[in-house]
Structure formats: C-alpha cells, structure tokens
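File shown: input27.txt. Contents: compact mmCIF, C-alpha atoms.
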```txt
# COMPACT_ATOMS: atom_id res chain seq x y z
CA MET E 1367 -20.81 -7.79 -0.73
CA LEU E 1368 -21.72 -8.07 -4.41
CA SER E 1369 -22.55 -4.37 -4.65
CA CYS E 1370 -19.18 -3.55 -3.07
CA LYS E 1371 -17.39 -5.64 -5.74
CA GLN E 1372 -19.45 -3.98 -8.49
CA GLU E 1373 -18.57 -0.57 -7.08
CA ILE E 1374 -14.86 -1.46 -7.03
CA LYS E 1375 -15.05 -2.71 -10.63
CA LYS E 1376 -16.73 0.57 -11.65
CA LYS E 1377 -14.03 2.45 -9.71
CA SER E 1378 -11.42 0.50 -11.69
CA THR E 1379 -12.77 1.87 -14.97
CA ASN E 1380 -12.87 5.37 -13.52
CA THR E 1381 -9.30 4.86 -12.27
CA ASP E 1382 -8.08 3.97 -15.76
CA ASP E 1383 -9.52 7.22 -17.08
CA GLN E 1384 -8.30 9.21 -14.10
CA VAL E 1385 -4.71 7.94 -14.33
CA SER E 1386 -4.62 8.35 -18.11
CA SER E 1387 -5.65 11.99 -17.73
CA LEU E 1388 -2.61 12.89 -15.60
CA THR E 1389 -0.78 15.05 -18.10
CA SER E 1390 1.67 17.04 -16.00
CA GLN E 1391 4.08 16.60 -13.16
CA LYS E 1392 1.73 18.61 -10.94
CA THR E 1393 -1.35 16.47 -11.70
CA LYS E 1394 0.64 13.28 -11.07
CA GLU E 1395 1.91 14.65 -7.78
CA GLN E 1396 -1.61 15.72 -6.74
CA PHE E 1397 -2.96 12.27 -7.63
CA LEU E 1398 -0.32 10.58 -5.48
CA GLU E 1399 -0.81 13.02 -2.59
CA ASN E 1400 -4.57 12.36 -2.71
CA LEU E 1401 -3.89 8.63 -2.72
CA PHE E 1402 -1.73 8.99 0.38
CA ALA E 1403 -4.35 11.17 2.10
CA SER E 1404 -7.09 8.65 1.29
CA ASP E 1405 -5.07 5.83 2.80
CA GLN E 1406 -4.28 7.75 5.95
CA SER E 1407 -7.72 9.29 6.49
CA VAL E 1408 -9.40 5.93 7.15
CA ARG E 1409 -6.63 5.04 9.60
CA ASP E 1410 -7.10 8.05 11.84
CA SER E 1411 -6.64 6.63 15.34
CA ASP E 1412 -8.81 9.37 16.87
CA ILE E 1413 -11.78 8.33 14.72
CA LYS E 1414 -11.24 4.69 15.59
CA LEU E 1415 -11.04 5.52 19.30
CA GLU E 1416 -14.22 7.63 19.15
CA ILE E 1417 -16.11 4.81 17.45
CA LEU E 1418 -14.91 2.35 20.07
CA LYS E 1419 -15.79 4.71 22.94
CA ARG E 1420 -19.30 5.26 21.58
CA ASN E 1421 -19.76 1.49 21.44
CA ASN E 1422 -18.27 0.51 24.84
CA TYR E 1423 -15.12 -0.74 23.12
CA ASP E 1424 -17.12 -3.43 21.38
CA HIS E 1425 -15.10 -4.51 18.35
CA LYS E 1426 -18.16 -6.36 17.08
CA SER E 1427 -20.41 -3.31 17.08
CA LYS E 1428 -22.05 -2.43 13.79
CA GLU E 1429 -20.40 1.00 13.69
CA TYR E 1430 -16.92 -0.42 14.26
CA GLN E 1431 -17.46 -3.18 11.70
CA ASN E 1432 -18.62 -0.55 9.20
CA HIS E 1433 -15.41 1.36 9.88
CA LEU E 1434 -13.36 -1.77 9.18
CA ARG E 1435 -15.30 -2.32 5.94
CA LEU E 1436 -14.54 1.27 4.93
CA ILE E 1437 -10.83 0.62 5.48
CA MET E 1438 -10.98 -2.56 3.38
CA LYS E 1439 -12.92 -0.82 0.60
CA THR E 1440 -10.51 2.12 0.61
CA ASP E 1441 -7.53 -0.25 0.48
CA SER E 1442 -9.04 -2.09 -2.49
CA ILE E 1443 -9.70 1.10 -4.42
CA ASN E 1444 -6.28 2.52 -3.56
CA PHE E 1445 -4.66 -0.73 -4.71
CA LEU E 1446 -6.31 -0.35 -8.13
CA LYS E 1447 -5.20 3.27 -8.36
CA ALA E 1448 -1.63 2.49 -7.32
CA LEU E 1449 -1.37 -0.46 -9.71
CA LYS E 1450 -2.71 1.57 -12.63
CA TYR E 1451 -0.38 4.46 -11.82
CA LEU E 1452 2.59 2.07 -11.74
CA GLN E 1453 1.54 0.45 -15.03
CA VAL E 1454 1.35 3.80 -16.78
CA TYR E 1455 4.06 5.90 -15.08
CA ASN E 1456 6.19 3.51 -12.97
CA TYR E 1457 7.27 4.30 -9.43
CA PRO E 1458 7.71 8.02 -8.76
CA ASN E 1459 11.25 9.37 -8.67
CA PRO E 1460 11.71 10.94 -5.21
CA LYS E 1461 13.60 13.87 -6.75
CA ASP E 1462 10.50 14.88 -8.70
CA PHE E 1463 7.75 14.67 -6.05
CA SER E 1464 6.82 15.77 -2.54
CA SER E 1465 7.36 13.39 0.37
CA LYS E 1466 3.62 12.60 0.57
CA ALA E 1467 3.55 11.73 -3.12
CA ASN E 1468 6.68 9.61 -2.73
CA TYR E 1469 5.22 7.62 0.17
CA ALA E 1470 1.81 7.03 -1.42
CA ILE E 1471 2.50 3.78 -3.26
CA TYR E 1472 4.86 2.56 -0.54
CA THR E 1473 2.12 3.09 2.05
CA ILE E 1474 -0.59 1.53 -0.13
CA PHE E 1475 1.69 -1.50 -0.54
CA LEU E 1476 1.95 -1.96 3.24
CA HIS E 1477 -1.83 -2.15 3.63
CA GLN E 1478 -2.42 -4.91 1.07
CA SER E 1479 -2.77 -8.66 1.32
CA TYR E 1480 0.20 -10.78 0.29
CA GLN E 1481 -1.38 -11.57 -3.09
CA LYS E 1482 -1.86 -7.89 -3.89
CA GLN E 1483 1.64 -7.11 -2.65
CA LEU E 1484 2.93 -9.67 -5.16
CA GLU E 1485 1.15 -7.77 -7.96
CA LEU E 1486 2.83 -4.51 -6.94
CA PHE E 1487 6.20 -6.08 -6.14
CA PRO E 1488 7.82 -5.97 -9.62
CA TYR E 1489 7.38 -2.18 -9.64
CA ILE E 1490 8.68 -1.90 -6.08
CA LEU E 1491 11.72 -4.05 -6.90
CA ARG E 1492 12.55 -1.97 -9.99
CA SER E 1493 12.27 1.25 -8.00
CA TYR E 1494 14.54 -0.20 -5.30
CA LYS E 1495 17.11 -1.16 -7.93
CA LYS E 1496 16.92 2.40 -9.34
CA GLY E 1497 17.60 3.78 -5.85
CA PHE E 1498 14.13 5.28 -5.37
CA ILE E 1499 13.62 3.16 -2.22
CA ASN E 1500 16.49 2.85 0.27
CA ASN E 1501 17.74 -0.41 1.83
CA GLU E 1502 16.03 0.15 5.18
CA SER E 1503 12.64 0.83 3.61
CA PHE E 1504 12.91 -2.06 1.14
CA SER E 1505 13.93 -4.43 3.95
CA PHE E 1506 10.88 -3.24 5.92
CA LEU E 1507 8.57 -3.89 2.94
CA LEU E 1508 9.98 -7.37 2.46
CA ASN E 1509 9.49 -8.13 6.14
CA LYS E 1510 5.87 -6.99 5.88
CA MET E 1511 5.42 -9.40 2.98
CA TYR E 1512 7.00 -12.14 5.08
CA ILE E 1513 4.61 -11.39 7.96
CA HIS E 1514 1.61 -11.54 5.60
CA LYS E 1515 2.78 -14.83 4.14
CA PHE E 1516 4.02 -16.63 7.26
CA GLY E 1517 2.26 -14.84 10.13
CA THR E 1518 5.48 -13.92 11.92
CA SER E 1519 8.32 -11.48 11.49
CA HIS E 1520 11.59 -12.60 9.95
CA PRO E 1521 14.57 -12.39 12.34
CA GLN E 1522 16.46 -9.22 11.44
CA ALA E 1523 19.87 -9.82 9.90
CA ILE E 1524 22.89 -7.76 10.92
CA THR E 1525 22.51 -5.44 7.92
CA ASP E 1526 19.58 -4.38 5.77
CA GLU E 1527 21.41 -5.70 2.70
CA LYS E 1528 21.74 -9.17 4.25
CA ASN E 1529 18.12 -9.01 5.43
CA ILE E 1530 17.03 -8.18 1.87
CA ARG E 1531 18.96 -11.12 0.42
CA GLU E 1532 17.50 -13.51 3.01
CA LEU E 1533 13.93 -12.28 2.59
CA LEU E 1534 14.06 -12.35 -1.22
CA LYS E 1535 15.22 -15.96 -0.98
CA LYS E 1536 12.66 -17.03 1.66
CA LEU E 1537 9.83 -15.32 -0.23
CA LYS E 1538 11.08 -16.82 -3.51
CA LEU E 1539 11.24 -13.39 -5.11
CA GLU E 1540 14.79 -13.70 -6.44
CA ASN E 1541 15.38 -13.28 -10.14
```

What is this file in structure tokens?
Amino acid sequence: MLSCKQEIKKKSTNTDDQVSSLTSQKTKEQFLENLFASDQSVRDSDIKLEILKRNNYDHKSKEYQNHLRLIMKTDSINFLKALKYLQVYNYPNPKDFSSKANYAIYTIFLHQSYQKQLELFPYILRSYKKGFINNESFSFLLNKMYIHKFGTSHPQAITDEKNIRELLKKLKLEN
C-alpha cells in the first residue's frame, strides 16, 4: 500500500508538469479525452466479466481484487489530474471541446469518494452557474454526492431545480 501511495505522489508531480504543458486548445482537449478514456477503460464490463468467469465468479479471487485495486488506483490518479486541470484552466466550456473532453471531469467526479467530490465541487458549482452543466446533470451529481454521504438516494423532487435546491441544503453546500 505504501508503494501505491508513493507512486500516486510521484504521479502528482508528473501531473503538475503535464497540465502546465498544455499550451493549446488541442492539447487540452486531448488531455481531457485521455482522462475520460482512462476512466472508462478500467470499467470495461467485458473485462470484469472475463475475470469473474476465469475465477468461478469469486469476487475474492486475487485476479478480481487486483482489478478492483487497478480501478481505485486509476481513480486516484485521475482525481489528481482533474483537480490540477481545474485549478489551472477551470471547467471546460462545452462549446470549445468534444463530448468526451466535456464529460471527462464530470465522469471522474462520479467515481470519487465524498471527500474528493467536495474538493472538486467548487469548480463543478461554478461551471453549473456558468451554464456548462445543465440542471439534470447537476442534479444527478448532487444526488451521487448524497448517496456517498448518506448511503441512500435522495427522493427526487418534481423538478431538477427543486431537487438541486433541496440537495444543496441537505449537503450543506449552499453559499
């Protein structure tokens, strides 16, 4: 476990350099697209199914546990990359990037613990207020945060706007 933490810390330094070197719209878009691809590649359901089949559907098998560790490691590294990107460039404007690039940080956010979601949240909130994230998607993100914090889904309000107001209040994320 210690070597994994050291590797993530080393990756953090590399991430700082990598994000700082994004000098054009195209390199930023490629970075975000790669971030999205990284997140999705470890979640390939076919790979997961093959691992489970090979191990008689034993969720405790070494191979399956290694796969889960790979997901956790990837999520940790992607969190650092997303956070650094947000710190330097803010949330991507959907008019300027491909759909994969636009969904990268949103998707990374979904796969984080509540504490890490809180670190990303100010950037997400600002992008929502700028109109970069629509009501339905923002409501969904807030509900995911609620699930992580309370272990259950929040009852859906009649409208996304009302749901957003309720979730911001219950999560104590109001300004």

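Compared by their closest atoms to Pro1460 of chain E, and using all atoms listed in the file, the residues E:Ile1499, E:Ile1443, E:Ile1437, E:Ala1403 rank with E:Ile1499 nearest.
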
Using all atoms listed in the file, the best pick from E:Glu1399, E:Thr1393, E:Arg1409, E:Asp1382 as closest to Leu1449 of chain E would be E:Asp1382

Selection near Lys1510 of chain E, 10 Å with all atoms listed in the file, sequence-local residues under 3 positions removed, as a compact mmCIF listing (two decimals) with C-alpha atoms, in the coordinates of the input:
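See out-v3.txt below for the written result:
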```txt
# COMPACT_ATOMS: atom_id res chain seq x y z
CA PHE E 1475 1.69 -1.50 -0.54
CA LEU E 1476 1.95 -1.96 3.24
CA HIS E 1477 -1.83 -2.15 3.63
CA GLN E 1478 -2.42 -4.91 1.07
CA SER E 1479 -2.77 -8.66 1.32
CA TYR E 1480 0.20 -10.78 0.29
CA GLN E 1483 1.64 -7.11 -2.65
CA PHE E 1504 12.91 -2.06 1.14
CA SER E 1505 13.93 -4.43 3.95
CA PHE E 1506 10.88 -3.24 5.92
CA LEU E 1507 8.57 -3.89 2.94
CA ILE E 1513 4.61 -11.39 7.96
CA HIS E 1514 1.61 -11.54 5.60
CA LYS E 1515 2.78 -14.83 4.14
CA PHE E 1516 4.02 -16.63 7.26
CA GLY E 1517 2.26 -14.84 10.13
CA THR E 1518 5.48 -13.92 11.92
CA SER E 1519 8.32 -11.48 11.49
CA HIS E 1520 11.59 -12.60 9.95
```

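Non-sequential neighbours of Glu1502 of chain E (distance at most 10 Å, separation of 5 or more positions within a chain, only C-alpha atoms) are Leu1507, Thr1525, Asp1526, Glu1527, Asn1529 and Ile1530 of chain E.
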
Selected residues written out with C-alpha atoms, as a JSON list (two decimals), in the coordinates of the input:
```json
[["chain", "number", "residue", "atom", "x", "y", "z"],
["E", 1507, "LEU", "CA", 8.57, -3.89, 2.94],
["E", 1525, "THR", "CA", 22.51, -5.44, 7.92],
["E", 1526, "ASP", "CA", 19.58, -4.38, 5.77],
["E", 1527, "GLU", "CA", 21.41, -5.70, 2.70],
["E", 1529, "ASN", "CA", 18.12, -9.01, 5.43],
["E", 1530, "ILE", "CA", 17.03, -8.18, 1.87]]
```

For this session: Tell me which protein, DNA and RNA residues are within 12 Å of Ser1465 of chain E, counting all atoms listed in the file, leaving out same-chain ones fewer than 4 positions away, and put them as a PyMOL selection string.
Result: chain E and resi 1395-1396+1398-1399+1402+1458-1461+1469-1473

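Counting from atom CA of Asn1380 of chain E, the distance to atom CA of Arg1435 of chain E is 21.1 Å.
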
Restricting to only C-alpha atoms, whichever of E:Phe1463, E:Asp1441, E:Leu1434, E:Ile1413 is closest to Ser1390 of chain E is E:Phe1463

Atom CA of Lys1528 of chain E to atom CA of Leu1486 of chain E measures 22.5 Å

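With atom CA of Thr1440 of chain E on one side and atom CA of Ser1427 of chain E on the other, the separation reads 20.0 Å.
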
Around all the atoms of segment 1485-1488 of chain E listed in the file, with 4 Å of room on each side, what axis-aligned box do you get, giving centre and edge lengths in Å to one decimal, as AutoDock Vina command-line options?
```
--center_x 4.5 --center_y -6.1 --center_z -7.9 --size_x 14.7 --size_y 11.3 --size_z 11.5
```

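Restricting the calculation to all atoms listed in the file, the smallest distance between Ser1442 of chain E and any of E:Lys1536, E:Lys1482, E:Arg1420, E:Lys1495 is found for E:Lys1482.
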
Original post:
Skipping near chain neighbours, those fewer than 4 positions away, what residues fall within 7 Å of Leu1401 of chain E using only C-alpha atoms, listed as a PyMOL selection string?
Top reply: chain E and resi 1397+1405+1444+1470

| said: Report as a PyMOL selection string all protein, DNA and RNA residues lying within 12 Å of Leu1418 of chain E, evaluated on only C-alpha atoms, omitting residues in the same chain fewer than 2 positions from it. | reply: chain E and resi 1411-1416+1420-1434

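Residue nearest Gln1453 of chain E within the list E:Val1408, E:Ala1467, E:Ile1490, E:Ala1523: E:Ile1490 [criterion: smallest interatomic distance, only C-alpha atoms].
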